[in-house]
Amino acid sequence: MMYSRILLAVDLTDESIKVANKAVALCKATGAELTILHVIESLNYAYGGDVPIDITDIQAQLQETAKERIAILEAQLDVPVQESCISQGGIESEIHRIAEEKRVDLIVVGSHGRHGLALLLGSTANGVLHGAPCDVLAVKVIKDKD
């Protein structure tokens with residue numbers, strides 16, 4: 001199966017480049033277009049809407065930081081990026097929404113292979129897999145040990 005539109009969903013941590021490199025390899029192999037997405041989980045969403053302070057400035061700073069980090073990531077990639085998106089809301093639902101909107105046929109996400117309580121609660125990669133409008137590639141990310 002050939003992919004023509006790949007959505008790379010990244011959390012913009014240091015490990016994002018490892019996930020991005022897998023997406024880049026697939027783009028090179030298939031000639032697919034690459035779109036990068038970072039979702040900022042809304043603080044209202046994360047805390048159930050019960051945040052008693054004005055979070056407008058915090059959200060704006062998160063957006064600015066995400067733009068800077070995406071630009072750094074893009075500069076490290078060996079393929080052109082069709083589009084970079086920064087979205088806000090629930091991570092899994094936003095990835096699904098953007099994937100449908102952009103009509104992608106593959107979502108690439110990182111999977112940290114958590115254990116214990118994090119495994120019981122589920123991971124972002126697992127959440128993306130269930131309900132995705134297309135194939136999902138979960139790239140196992142192992143944090144570098146210092």
# chains A, B, ... in the order shown; residues from 1 in each chain; ligands from 1
>>> residues_around(residues="A:Val104", least_positions_apart="3", cutoff="7 Å", atoms="only C-alpha atoms", output="VMD selection string")
chain A and resid 5 to 7 99 to 100
>>> write_last_selection(atoms="N, CA and C atoms", output="compact mmCIF listing (two decimals), in the first residue's frame")
# COMPACT_ATOMS: atom_id res chain seq x y z
N ARG A 5 -0.24 10.93 1.79
CA ARG A 5 -0.25 12.03 2.76
C ARG A 5 0.00 11.46 4.14
N ILE A 6 1.09 11.89 4.75
CA ILE A 6 1.46 11.40 6.07
C ILE A 6 1.36 12.54 7.08
N LEU A 7 0.71 12.26 8.20
CA LEU A 7 0.60 13.22 9.29
C LEU A 7 1.53 12.77 10.41
N ALA A 99 -6.36 14.75 10.81
CA ALA A 99 -6.15 13.66 9.86
C ALA A 99 -7.30 13.60 8.85
N GLU A 100 -8.52 13.75 9.32
CA GLU A 100 -9.67 13.76 8.42
C GLU A 100 -9.67 15.00 7.54
>>> select_by_dssp(residues="chain A", states="alpha helix (DSSP H)", output="count of residues only")
62
>>> residues_around(residues="stretch 65-70 of chain A", least_positions_apart="2", cutoff="8 Å", atoms="only C-alpha atoms", output="list in words")
Leu12, His38, Gln61, Leu62, Gln63, Ile72, Leu73, Glu74, Ser84 and Ile86 of chain A
>>> write_last_selection(atoms="N, CA, C and O atoms", output="compact mmCIF listing (two decimals), in the first residue's frame")
# COMPACT_ATOMS: atom_id res chain seq x y z
N LEU A 12 6.89 17.31 20.56
CA LEU A 12 7.99 18.28 20.56
C LEU A 12 8.97 18.09 21.71
O LEU A 12 9.66 19.01 22.10
N HIS A 38 1.30 19.45 16.03
CA HIS A 38 1.51 19.43 17.47
C HIS A 38 0.21 19.92 18.10
O HIS A 38 -0.34 20.94 17.69
N GLN A 61 1.82 31.75 25.10
CA GLN A 61 3.22 31.37 25.24
C GLN A 61 3.45 29.94 24.77
O GLN A 61 4.45 29.64 24.12
N LEU A 62 2.51 29.04 25.08
CA LEU A 62 2.61 27.66 24.62
C LEU A 62 2.59 27.61 23.09
O LEU A 62 3.35 26.85 22.47
N GLN A 63 1.75 28.42 22.47
CA GLN A 63 1.68 28.48 21.00
C GLN A 63 3.01 28.95 20.42
O GLN A 63 3.52 28.38 19.46
N ILE A 72 12.45 24.32 14.43
CA ILE A 72 13.71 23.61 14.67
C ILE A 72 13.62 22.18 14.14
O ILE A 72 14.54 21.69 13.48
N LEU A 73 12.51 21.50 14.41
CA LEU A 73 12.32 20.13 13.93
C LEU A 73 12.32 20.09 12.40
O LEU A 73 13.00 19.25 11.80
N GLU A 74 11.59 21.00 11.78
CA GLU A 74 11.53 21.04 10.31
C GLU A 74 12.92 21.20 9.71
O GLU A 74 13.23 20.57 8.69
N SER A 84 2.75 22.73 8.52
CA SER A 84 2.88 22.51 9.96
C SER A 84 1.65 23.10 10.64
O SER A 84 1.23 24.21 10.30
N ILE A 86 -0.44 23.72 14.42
CA ILE A 86 -0.50 23.70 15.87
C ILE A 86 -1.98 23.82 16.21
O ILE A 86 -2.65 24.74 15.77
>>> closest_residue(among="A:Val39, A:Val109, A:Ile95, A:Leu77", to="A:Gly131", atoms="only C-alpha atoms")
A:Ile95
>>> closest_residue(among="A:Asp78, A:Glu64, A:Asp57, A:Glu33", to="A:Leu8", atoms="only C-alpha atoms")
A:Glu33
>>> closest_residue(among="A:Ala32, A:Leu137, A:Leu26, A:Ile17", to="A:Ala75", atoms="only C-alpha atoms")
A:Ile17
>>> closest_residue(among="A:Gly89, A:Gly31, A:Pro80, A:Gly110", to="A:Asn126", atoms="only C-alpha atoms")
A:Gly110
>>> select_by_dssp(residues="stretch 49-144 of chain A", states="strand (DSSP E)", output="list of chain:residue names")
A:Glu83, A:Ser84, A:Cys85, A:Ile86, A:Ser87, A:Gln88, A:Leu106, A:Ile107, A:Val108, A:Val109, A:Gly110, A:Ser111, A:Asp135, A:Val136, A:Leu137, A:Ala138, A:Val139, A:Lys140
